$ cat protein.cif   # mmCIF, C-alpha atoms
data_entry
#
loop_
_atom_site.label_atom_id
_atom_site.label_comp_id
_atom_site.auth_asym_id
_atom_site.auth_seq_id
_atom_site.Cartn_x
_atom_site.Cartn_y
_atom_site.Cartn_z
CA MET A 15 121.36 78.30 149.52
CA LYS A 16 122.54 81.76 150.53
CA ARG A 17 125.47 81.59 148.12
CA ILE A 18 123.21 80.53 145.23
CA ARG A 19 120.80 83.40 145.84
CA THR A 20 123.66 85.88 146.09
CA GLY A 21 125.09 84.53 142.84
CA LEU A 22 121.77 84.92 141.09
CA CYS A 23 121.42 88.57 142.05
CA ALA A 24 124.20 89.72 139.76
CA PRO A 25 122.78 88.38 136.45
CA LEU A 26 119.26 89.42 137.46
CA VAL A 27 120.32 92.98 138.29
CA LEU A 28 122.37 93.13 135.12
CA SER A 29 119.46 91.84 133.01
CA MET A 30 117.02 94.34 134.52
CA THR A 31 119.52 97.14 133.91
CA VAL A 32 119.78 96.13 130.28
CA LEU A 33 115.99 95.89 130.07
CA LEU A 34 115.39 99.38 131.44
CA SER A 35 118.13 100.93 129.35
CA ALA A 36 116.78 99.18 126.22
CA CYS A 37 113.40 100.84 126.75
CA SER A 38 115.08 104.21 126.31
CA ILE A 39 117.30 103.33 123.35
CA VAL A 40 115.06 101.00 121.36
CA PRO A 41 114.40 102.43 117.89
CA GLY A 42 111.14 104.37 118.20
CA GLN A 43 108.19 103.27 116.10
CA ARG A 44 106.12 106.36 116.82
CA MET A 45 105.81 109.01 114.16
CA ILE A 46 105.94 112.53 115.55
CA THR A 47 105.51 115.86 113.84
CA PRO A 48 108.98 117.12 112.87
CA PRO A 49 110.16 120.71 113.36
CA THR A 50 109.40 123.23 110.64
CA LEU A 51 111.84 123.09 107.74
CA PRO A 52 113.91 126.19 106.87
CA GLU A 53 112.44 128.49 104.23
CA SER A 54 113.35 127.82 100.60
CA GLY A 55 116.54 129.42 99.46
CA GLY A 56 118.59 128.38 102.47
CA GLU A 57 121.71 126.25 102.06
CA TYR A 58 122.06 122.82 103.61
CA SER A 59 125.23 121.04 104.51
CA SER A 60 125.58 117.38 103.60
CA GLU A 61 124.96 116.48 107.26
CA ALA A 62 121.82 118.62 107.39
CA GLU A 63 120.44 117.09 104.21
CA SER A 64 120.63 113.61 105.71
CA THR A 65 118.50 114.67 108.70
CA VAL A 66 115.82 116.71 106.89
CA GLN A 67 112.38 115.40 107.88
CA ILE A 68 109.12 115.48 105.96
CA PRO A 69 106.60 118.00 107.33
CA VAL A 70 103.34 116.56 108.63
CA THR A 71 100.03 118.26 107.77
CA ASP A 72 97.05 117.99 110.10
CA ILE A 73 93.79 116.83 108.53
CA ASN A 74 91.25 119.60 109.16
CA LEU A 75 88.38 121.36 107.36
CA LYS A 76 90.70 123.91 105.75
CA LEU A 77 92.83 121.14 104.21
CA LEU A 78 89.72 119.32 102.92
CA ARG A 79 88.42 122.50 101.24
CA THR A 80 91.79 123.05 99.58
CA MET A 81 91.90 119.47 98.25
CA LYS A 82 88.35 119.75 96.92
CA GLY A 83 89.28 122.91 95.01
CA GLN A 84 92.32 121.21 93.47
CA THR A 85 90.16 118.30 92.27
CA THR A 86 87.75 120.69 90.53
CA GLU A 87 90.60 122.42 88.75
CA LEU A 88 92.20 119.19 87.52
CA ASN A 89 88.96 118.03 85.88
CA GLN A 90 89.02 121.06 83.58
CA GLN A 91 91.88 119.46 81.64
CA ILE A 92 89.45 117.18 79.77
CA SER A 93 86.93 119.90 78.89
CA SER A 94 88.34 120.02 75.35
CA LEU A 95 87.15 116.43 74.76
CA PHE A 96 83.47 117.35 74.98
CA SER A 97 81.54 118.11 71.82
CA PRO A 98 77.99 119.55 71.62
CA ARG A 99 77.13 117.48 68.53
CA PRO A 100 78.37 114.14 67.19
CA PRO A 101 80.81 114.23 64.26
CA SER A 102 79.81 112.78 60.91
CA TYR A 103 81.59 109.70 59.62
CA LYS A 104 84.62 110.54 57.46
CA LEU A 105 85.42 108.18 54.61
CA GLY A 106 88.80 106.50 54.33
CA PRO A 107 90.69 103.71 52.54
CA GLY A 108 88.84 100.39 52.67
CA ASP A 109 85.35 101.84 52.98
CA VAL A 110 82.77 100.79 50.42
CA LEU A 111 80.20 103.21 48.97
CA GLN A 112 76.86 102.30 47.49
CA ILE A 113 76.02 104.91 44.85
CA THR A 114 72.65 104.94 43.05
CA VAL A 115 71.69 107.23 40.17
CA TRP A 116 67.93 106.83 39.85
CA ASP A 117 66.34 106.10 36.45
CA HIS A 118 69.74 105.11 35.03
CA PRO A 119 69.97 101.31 35.35
CA GLU A 120 73.05 101.22 33.12
CA LEU A 121 75.06 102.72 36.01
CA ALA A 122 73.89 100.00 38.41
CA ALA A 123 75.97 97.48 36.45
CA ALA A 124 79.10 99.24 37.68
CA LEU A 125 78.45 97.82 41.13
CA GLY A 126 79.02 94.24 39.95
CA GLN A 127 77.50 91.10 41.46
CA PRO A 128 78.15 89.58 44.93
CA SER A 129 80.48 86.60 45.07
CA PRO A 130 78.93 83.38 46.49
CA THR A 131 82.18 82.63 48.38
CA SER A 132 82.66 86.08 49.90
CA ASN A 133 83.85 86.24 53.51
CA LYS A 134 82.72 88.57 56.26
CA SER A 135 85.99 90.50 56.09
CA ASP A 136 85.65 91.03 52.34
CA PRO A 137 84.42 94.44 51.17
CA GLY A 138 80.75 94.64 50.29
CA ILE A 139 79.37 95.26 46.84
CA GLY A 140 79.97 98.87 45.84
CA PHE A 141 82.73 101.34 45.13
CA LEU A 142 85.84 100.60 47.19
CA VAL A 143 87.83 103.60 48.44
CA ASP A 144 91.45 102.96 47.44
CA ALA A 145 94.61 103.65 49.44
CA ASP A 146 94.71 107.23 48.16
CA GLY A 147 91.14 107.92 49.23
CA ASN A 148 89.75 107.82 45.65
CA ILE A 149 86.92 106.04 43.84
CA GLN A 150 86.18 105.58 40.14
CA PHE A 151 82.63 106.30 38.94
CA PRO A 152 81.25 106.24 35.38
CA TYR A 153 81.06 109.67 33.72
CA ALA A 154 82.54 111.27 36.85
CA GLY A 155 86.05 109.81 36.60
CA THR A 156 88.32 109.80 39.63
CA LEU A 157 86.72 111.33 42.68
CA HIS A 158 88.62 111.99 45.91
CA VAL A 159 86.41 111.06 48.85
CA GLY A 160 88.93 110.51 51.68
CA GLY A 161 88.19 112.69 54.71
CA LYS A 162 84.72 113.62 53.41
CA ASP A 163 81.30 112.45 54.55
CA ALA A 164 78.63 110.83 52.37
CA THR A 165 76.70 114.09 51.96
CA GLN A 166 79.72 115.91 50.56
CA VAL A 167 80.41 113.07 48.11
CA GLN A 168 76.78 113.12 46.97
CA LYS A 169 76.94 116.86 46.18
CA GLU A 170 80.19 116.47 44.21
CA LEU A 171 78.81 113.54 42.20
CA TYR A 172 75.64 115.48 41.39
CA LYS A 173 77.73 118.35 40.10
CA LYS A 174 79.87 116.11 37.86
CA LEU A 175 76.98 113.98 36.54
CA SER A 176 74.92 117.07 35.74
CA VAL A 177 77.25 117.59 32.76
CA VAL A 178 75.95 114.31 31.27
CA TYR A 179 72.46 113.95 32.75
CA SER A 180 69.78 116.51 33.40
CA LYS A 181 69.17 116.93 37.14
CA PRO A 182 70.33 113.42 38.16
CA GLU A 183 69.00 112.06 41.43
CA VAL A 184 72.01 110.67 43.28
CA THR A 185 72.04 108.70 46.52
CA VAL A 186 75.30 107.91 48.38
CA ARG A 187 75.53 105.68 51.44
CA VAL A 188 78.32 103.75 53.13
CA ALA A 189 77.85 100.03 52.55
CA SER A 190 80.89 98.87 54.58
CA PHE A 191 82.69 100.76 57.37
CA ARG A 192 86.26 99.49 57.34
CA SER A 193 88.69 102.42 57.57
CA SER A 194 88.32 103.73 61.14
CA GLN A 195 88.50 101.99 64.49
CA VAL A 196 89.42 102.61 68.09
CA TYR A 197 91.13 100.22 70.52
CA VAL A 198 89.72 99.39 73.95
CA ASP A 199 91.92 97.64 76.51
CA GLY A 200 91.86 96.81 80.20
CA GLU A 201 88.88 95.91 82.35
CA VAL A 202 86.18 95.39 79.72
CA HIS A 203 84.64 92.01 78.89
CA ALA A 204 85.82 91.90 75.26
CA PRO A 205 88.91 94.10 74.81
CA GLY A 206 90.06 94.79 71.28
CA PRO A 207 89.30 97.01 68.29
CA ALA A 208 85.88 98.63 67.89
CA GLN A 209 84.86 99.72 64.40
CA ILE A 210 83.59 103.26 63.95
CA ASN A 211 80.43 103.44 61.83
CA ASP A 212 77.48 105.78 61.27
CA ILE A 213 76.56 105.48 64.98
CA PRO A 214 78.72 108.12 66.74
CA MET A 215 81.50 106.44 68.72
CA SER A 216 81.18 108.06 72.14
CA LEU A 217 83.18 106.92 75.15
CA THR A 218 80.13 105.09 76.49
CA GLU A 219 79.43 103.48 73.11
CA ALA A 220 83.03 102.19 72.86
CA ILE A 221 82.81 100.54 76.29
CA ASN A 222 79.40 99.03 75.50
CA ARG A 223 80.63 97.57 72.19
CA THR A 224 83.46 95.81 74.02
CA GLY A 225 81.16 94.17 76.56
CA GLY A 226 80.99 96.84 79.26
CA PHE A 227 82.96 97.20 82.49
CA THR A 228 84.12 94.11 84.39
CA PRO A 229 83.49 93.86 88.18
CA ASN A 230 87.17 94.68 88.73
CA ALA A 231 87.03 97.86 86.64
CA ASP A 232 87.95 101.16 88.28
CA GLN A 233 85.62 103.50 86.41
CA SER A 234 87.45 106.54 87.78
CA HIS A 235 90.64 105.58 85.90
CA VAL A 236 89.77 105.52 82.19
CA GLU A 237 92.67 106.68 80.02
CA LEU A 238 92.12 108.10 76.54
CA THR A 239 95.27 108.36 74.42
CA ARG A 240 95.00 110.57 71.34
CA GLU A 241 97.85 111.80 69.14
CA GLY A 242 100.46 111.06 71.82
CA LYS A 243 98.54 112.77 74.65
CA THR A 244 96.80 110.85 77.45
CA TYR A 245 93.68 112.14 79.22
CA GLU A 246 92.65 110.72 82.61
CA ILE A 247 88.85 110.47 82.70
CA ASN A 248 86.87 109.88 85.90
CA VAL A 249 83.53 108.64 84.53
CA PRO A 250 81.50 108.62 87.81
CA ASP A 251 82.81 112.08 88.68
CA LEU A 252 81.64 113.41 85.30
CA VAL A 253 78.15 112.04 85.97
CA ARG A 254 78.09 113.63 89.42
CA ARG A 255 78.95 116.97 87.83
CA GLY A 256 76.26 116.66 85.19
CA ARG A 257 78.72 116.11 82.33
CA ALA A 258 77.61 113.18 80.21
CA PRO A 259 80.43 110.84 79.04
CA THR A 260 78.27 110.28 75.93
CA SER A 261 79.41 113.77 74.83
CA ILE A 262 83.03 112.59 74.53
CA TYR A 263 83.40 111.30 70.97
CA LEU A 264 86.31 109.10 69.96
CA GLN A 265 88.35 109.53 66.81
CA ALA A 266 90.00 107.00 64.53
CA GLY A 267 93.14 105.61 66.15
CA ASP A 268 92.17 106.54 69.73
CA MET A 269 93.27 104.15 72.48
CA LEU A 270 90.97 103.65 75.48
CA ARG A 271 92.16 101.80 78.59
CA VAL A 272 90.06 100.97 81.66
CA GLY A 273 92.11 100.54 84.83
CA ALA A 274 91.70 97.72 87.37
CA ARG A 275 90.75 98.34 90.99
CA ASP A 276 93.65 96.22 92.27
CA GLU A 277 96.09 98.64 90.61
CA TYR A 278 94.94 101.46 92.90
CA GLY A 279 94.74 99.92 96.38
CA VAL A 280 95.82 101.56 99.64
CA TYR A 281 97.72 99.89 102.48
CA LEU A 282 96.47 99.68 106.09
CA MET A 283 99.32 99.10 108.52
CA GLY A 284 100.09 99.35 112.20
CA GLU A 285 97.60 98.93 115.02
CA VAL A 286 94.46 98.03 113.07
CA ASN A 287 92.54 94.81 113.61
CA LYS A 288 93.03 93.52 110.05
CA PRO A 289 96.06 95.04 108.26
CA ALA A 290 95.42 94.66 104.55
CA THR A 291 95.45 96.19 101.09
CA ILE A 292 92.09 97.91 100.62
CA LEU A 293 90.69 98.29 97.10
CA PRO A 294 88.71 101.38 96.08
CA MET A 295 85.03 101.23 95.21
CA ARG A 296 84.01 100.73 91.57
CA ASP A 297 83.72 104.49 91.18
CA GLY A 298 87.31 104.84 92.43
CA ARG A 299 86.38 106.55 95.69
CA LEU A 300 87.74 105.45 99.05
CA THR A 301 87.69 107.63 102.15
CA LEU A 302 89.88 107.20 105.20
CA ALA A 303 86.83 106.18 107.24
CA GLU A 304 85.87 103.47 104.71
CA ALA A 305 89.42 102.10 104.65
CA LEU A 306 89.56 101.90 108.46
CA SER A 307 86.18 100.18 108.52
CA GLN A 308 87.34 97.53 106.03
CA ALA A 309 90.45 96.97 108.17
CA GLY A 310 88.31 96.21 111.21
CA SER A 311 88.84 99.67 112.70
CA ILE A 312 91.62 100.75 115.08
CA ASN A 313 92.75 98.23 117.70
CA SER A 314 91.57 99.88 120.93
CA ASN A 315 93.93 97.78 123.08
CA THR A 316 97.20 98.52 121.32
CA ALA A 317 96.76 101.69 119.24
CA ALA A 318 97.73 105.26 120.03
CA ALA A 319 94.65 106.76 118.39
CA LYS A 320 96.17 110.23 118.47
CA GLN A 321 98.86 109.06 116.06
CA LEU A 322 97.06 108.15 112.80
CA PHE A 323 99.00 109.00 109.63
CA VAL A 324 98.43 108.89 105.89
CA ILE A 325 101.66 108.66 103.86
CA ARG A 326 101.29 109.76 100.23
CA ASN A 327 103.71 109.66 97.26
CA SER A 328 106.17 107.67 99.33
CA MET A 329 108.19 106.67 96.25
CA SER A 330 108.46 110.18 94.83
CA GLU A 331 110.88 112.99 95.58
CA LYS A 332 108.18 114.93 97.46
CA PRO A 333 106.30 112.57 99.78
CA GLU A 334 103.51 113.93 101.97
CA ILE A 335 102.33 112.92 105.43
CA PHE A 336 98.92 113.76 106.88
CA HIS A 337 98.07 113.41 110.57
CA LEU A 338 94.71 112.80 112.26
CA ASP A 339 93.97 112.69 115.98
CA ALA A 340 91.40 109.88 116.00
CA THR A 341 90.43 110.63 119.63
CA SER A 342 88.94 113.97 118.60
CA PRO A 343 85.11 114.13 118.46
CA THR A 344 85.33 115.47 114.89
CA SER A 345 87.86 112.90 113.70
CA MET A 346 85.35 110.58 112.02
CA VAL A 347 83.70 113.51 110.25
CA LEU A 348 87.09 114.50 108.84
CA ALA A 349 88.00 110.88 108.03
CA ASN A 350 84.74 110.44 106.13
CA GLN A 351 85.62 113.42 103.89
CA PHE A 352 89.33 112.71 103.43
CA ASN A 353 89.67 110.87 100.11
CA LEU A 354 92.57 108.46 99.83
CA GLU A 355 94.64 108.18 96.67
CA PRO A 356 96.16 105.08 95.04
CA LYS A 357 99.14 103.60 96.92
CA ASP A 358 98.51 105.66 100.07
CA VAL A 359 99.74 104.09 103.31
CA VAL A 360 97.52 104.45 106.38
CA TYR A 361 99.54 103.84 109.55
CA VAL A 362 98.26 103.71 113.14
CA ASP A 363 100.99 103.95 115.77
CA ASN A 364 101.09 101.82 118.93
CA ASN A 365 100.88 103.07 122.51
CA GLY A 366 103.78 103.16 124.97
CA LEU A 367 102.71 100.09 126.95
CA VAL A 368 102.62 97.95 123.82
CA LYS A 369 106.09 99.13 122.91
CA PHE A 370 107.38 98.25 126.39
CA ASN A 371 105.81 94.78 126.21
CA ARG A 372 107.37 94.10 122.83
CA VAL A 373 110.80 95.09 124.10
CA LEU A 374 110.25 92.92 127.18
CA ASN A 375 109.37 89.92 124.99
CA LEU A 376 112.57 90.43 123.04
CA LEU A 377 114.70 90.53 126.19
CA LEU A 378 113.02 87.76 128.20
CA PRO A 379 114.90 84.97 126.38
CA ALA A 380 118.18 86.70 127.26
CA ILE A 381 117.15 87.04 130.92
CA ASN A 382 116.10 83.40 131.15
CA ALA A 383 119.36 82.33 129.51
CA GLY A 384 121.35 84.35 132.04
CA VAL A 385 119.53 82.86 135.02
CA THR A 386 119.92 79.33 133.65
CA ALA A 387 123.65 79.86 133.10
CA ALA A 388 124.04 81.12 136.68
CA LEU A 389 122.26 78.07 138.08
CA LEU A 390 124.37 75.72 136.03
CA ALA A 391 127.54 77.48 137.15
CA LYS A 392 126.57 76.94 140.79
#
$ encode --input "protein.cif" --output "structure tokens"
Amino acid sequence: MKRIRTGLCAPLVLSMTVLLSACSIVPGQRMITPPTLPESGGEYSSEAESTVQIPVTDINLKLLRTMKGQTTELNQQISSLFSPRPPSYKLGPGDVLQITVWDHPELAAALGQPSPTSNKSDPGIGFLVDADGNIQFPYAGTLHVGGKDATQVQKELYKKLSVVYSKPEVTVRVASFRSSQVYVDGEVHAPGPAQINDIPMSLTEAINRTGGFTPNADQSHVELTREGKTYEINVPDLVRRGRAPTSIYLQAGDMLRVGARDEYGVYLMGEVNKPATILPMRDGRLTLAEALSQAGSINSNTAAAKQLFVIRNSMSEKPEIFHLDATSPTSMVLANQFNLEPKDVVYVDNNGLVKFNRVLNLLLPAINAGVTAALLAK
């Protein structure tokens, strides 16, 4: 028995030595604040470039004020979309005009008679605007109406018909609106084209005509593409600022896309009770406190609450890392004001004891195998 015990000591001592040394060399999982980077303008060697670390910014009141100021400035980019008054409808190819010259029934015959087999897509009875934006009217000849509204056309017709008739009473109205439309895509109930008519096509009107927002719609990510330029519109934020989205009027050919909430989730990782992808609210907002709450909060048994990080723009050339000490009395106040952005990663580090236990669990099979081999050898 003495010889067996003596023989077992060697593998046990060796295994414990490996265990203790592994605790010091195991790849660390804890994120720590790196040293300050050299000022811009300095030269790096290839070796230095490979070891450059990303600076970590503490989440505090000063940082939150700075971020709030940047958000206000960014929203000014869409100020050019607002209009104090709705635009009038401009005529174009395919539109149909109904023109009446009162007390002159002979001109009414120019309108023709409706066809009994006409389809919904067929132009209505009236004067069809041709591909060049022109119409033909008796005693007025060819009249260019493209790009003009009904009031302008009425004045021009009155002027031309006054040569033939004394003070003619002319009425011009659009019988069929067929030349202008916008396209609405994304998270609306009935995506597709929406025809512009005499009711001004505001941003709100376009969404309503296509069935309204779906439950999965992220109302803070509405993209308006016009003439090759895309504007990012945060609808709830406009309302909070007292800027009505009904004052943004769409133009013919505009493309409107409503983003989906699942395109803008954030990732909760590390020592939280329910690691998951957290979706923003319908207004697009999601604070750090709300995300932690949806993830079941921090795991009090395994987490190092001092080491809570938010990793932003991880796939870009300039990623950012923000740090919060969740043990601080003010941490939840700061977390409730820190707004997360799409694709952010929230990571909670583990404590030292958890790391030791995980290393121990990895090495225990090797220790047991060594002891078993020693017993078999004896």
$ residues_around --input "protein.cif" --residues "Pro294 in chain A" --least-positions-apart "2" --cutoff "9 Å" --atoms "all atoms listed in the file" --output "ChimeraX atom specification"
/A:232,275-276,278-280,292,296-301,305,354,356
$ atom_distance --input "protein.cif" --atom1 "CA of Ala220 in chain A" --atom2 "CA of Ala208 in chain A"
6.7 Å
$ closest_residue --input "protein.cif" --among "A:Ile325, A:Leu238, A:Ala349, A:Val249" --to "Glu304 in chain A" --atoms "only C-alpha atoms"
A:Ala349
$ residues_around --input "protein.cif" --residues "range 350-353 of chain A" --least-positions-apart "6" --cutoff "12 Å" --atoms "only C-alpha atoms" --output "VMD selection string"
chain A and resid 72 to 82 85 280 294 to 295 298 to 307 324 326 336 to 338 340 344 360
$ resolve_selection --input "protein.cif" --expression "the PyMOL selection byres ((chain A and resi 156-159) around 12)" --output "ChimeraX atom specification"
/A:103-111,141-155,160-175,186,188
$ write_last_selection --input "protein.cif" --atoms "C-alpha atoms" --output "compact mmCIF listing (two decimals), in the frame of the given file"
# COMPACT_ATOMS: atom_id res chain seq x y z
CA TYR A 103 81.59 109.70 59.62
CA LYS A 104 84.62 110.54 57.46
CA LEU A 105 85.42 108.18 54.61
CA GLY A 106 88.80 106.50 54.33
CA PRO A 107 90.69 103.71 52.54
CA GLY A 108 88.84 100.39 52.67
CA ASP A 109 85.35 101.84 52.98
CA VAL A 110 82.77 100.79 50.42
CA LEU A 111 80.20 103.21 48.97
CA PHE A 141 82.73 101.34 45.13
CA LEU A 142 85.84 100.60 47.19
CA VAL A 143 87.83 103.60 48.44
CA ASP A 144 91.45 102.96 47.44
CA ALA A 145 94.61 103.65 49.44
CA ASP A 146 94.71 107.23 48.16
CA GLY A 147 91.14 107.92 49.23
CA ASN A 148 89.75 107.82 45.65
CA ILE A 149 86.92 106.04 43.84
CA GLN A 150 86.18 105.58 40.14
CA PHE A 151 82.63 106.30 38.94
CA PRO A 152 81.25 106.24 35.38
CA TYR A 153 81.06 109.67 33.72
CA ALA A 154 82.54 111.27 36.85
CA GLY A 155 86.05 109.81 36.60
CA GLY A 160 88.93 110.51 51.68
CA GLY A 161 88.19 112.69 54.71
CA LYS A 162 84.72 113.62 53.41
CA ASP A 163 81.30 112.45 54.55
CA ALA A 164 78.63 110.83 52.37
CA THR A 165 76.70 114.09 51.96
CA GLN A 166 79.72 115.91 50.56
CA VAL A 167 80.41 113.07 48.11
CA GLN A 168 76.78 113.12 46.97
CA LYS A 169 76.94 116.86 46.18
CA GLU A 170 80.19 116.47 44.21
CA LEU A 171 78.81 113.54 42.20
CA TYR A 172 75.64 115.48 41.39
CA LYS A 173 77.73 118.35 40.10
CA LYS A 174 79.87 116.11 37.86
CA LEU A 175 76.98 113.98 36.54
CA VAL A 186 75.30 107.91 48.38
CA VAL A 188 78.32 103.75 53.13
$ atom_distance --input "protein.cif" --atom1 "CA of Asn313 in chain A" --atom2 "CA of Val362 in chain A"
9.0 Å
$ closest_residue --input "protein.cif" --among "A:Val359, A:Leu95, A:Val286, A:Ile335" --to "Ala319 in chain A" --atoms "all atoms listed in the file"
A:Val286
$ atom_distance --input "protein.cif" --atom1 "CA of Pro205 in chain A" --atom2 "CA of Ala266 in chain A"
16.5 Å
$ resolve_selection --input "protein.cif" --expression "the PyMOL selection byres ((chain A and resi 115) around 6)" --output "count of residues only"
5
$ closest_residue --input "protein.cif" --among "A:Tyr361, A:Pro69, A:Leu322, A:Tyr281" --to "Met346 in chain A" --atoms "all atoms listed in the file"
A:Leu322
$ closest_residue --input "protein.cif" --among "A:Ala309, A:Leu270, A:Leu121, A:Ala189" --to "Thr224 in chain A" --atoms "only C-alpha atoms"
A:Leu270
$ resolve_selection --input "protein.cif" --expression "the PyMOL selection byres ((chain A and resi 222) around 12)" --output "PyMOL selection string"
chain A and resi 198+202-205+208+215-221+223-228+260
$ residues_near_point --input "protein.cif" --point "(76.9, 98.9, 45.1)" --cutoff "7 Å" --atoms "all atoms listed in the file" --output "mmCIF file with C-alpha atoms, in the frame of the given file"
data_model
loop_
_atom_site.group_PDB
_atom_site.id
_atom_site.type_symbol
_atom_site.label_atom_id
_atom_site.label_comp_id
_atom_site.auth_asym_id
_atom_site.auth_seq_id
_atom_site.Cartn_x
_atom_site.Cartn_y
_atom_site.Cartn_z
ATOM 1 C CA LEU A 111 80.200 103.210 48.970
ATOM 2 C CA GLN A 112 76.860 102.300 47.490
ATOM 3 C CA ILE A 113 76.020 104.910 44.850
ATOM 4 C CA LEU A 125 78.450 97.820 41.130
ATOM 5 C CA ILE A 139 79.370 95.260 46.840
ATOM 6 C CA GLY A 140 79.970 98.870 45.840
ATOM 7 C CA PHE A 141 82.730 101.340 45.130
#
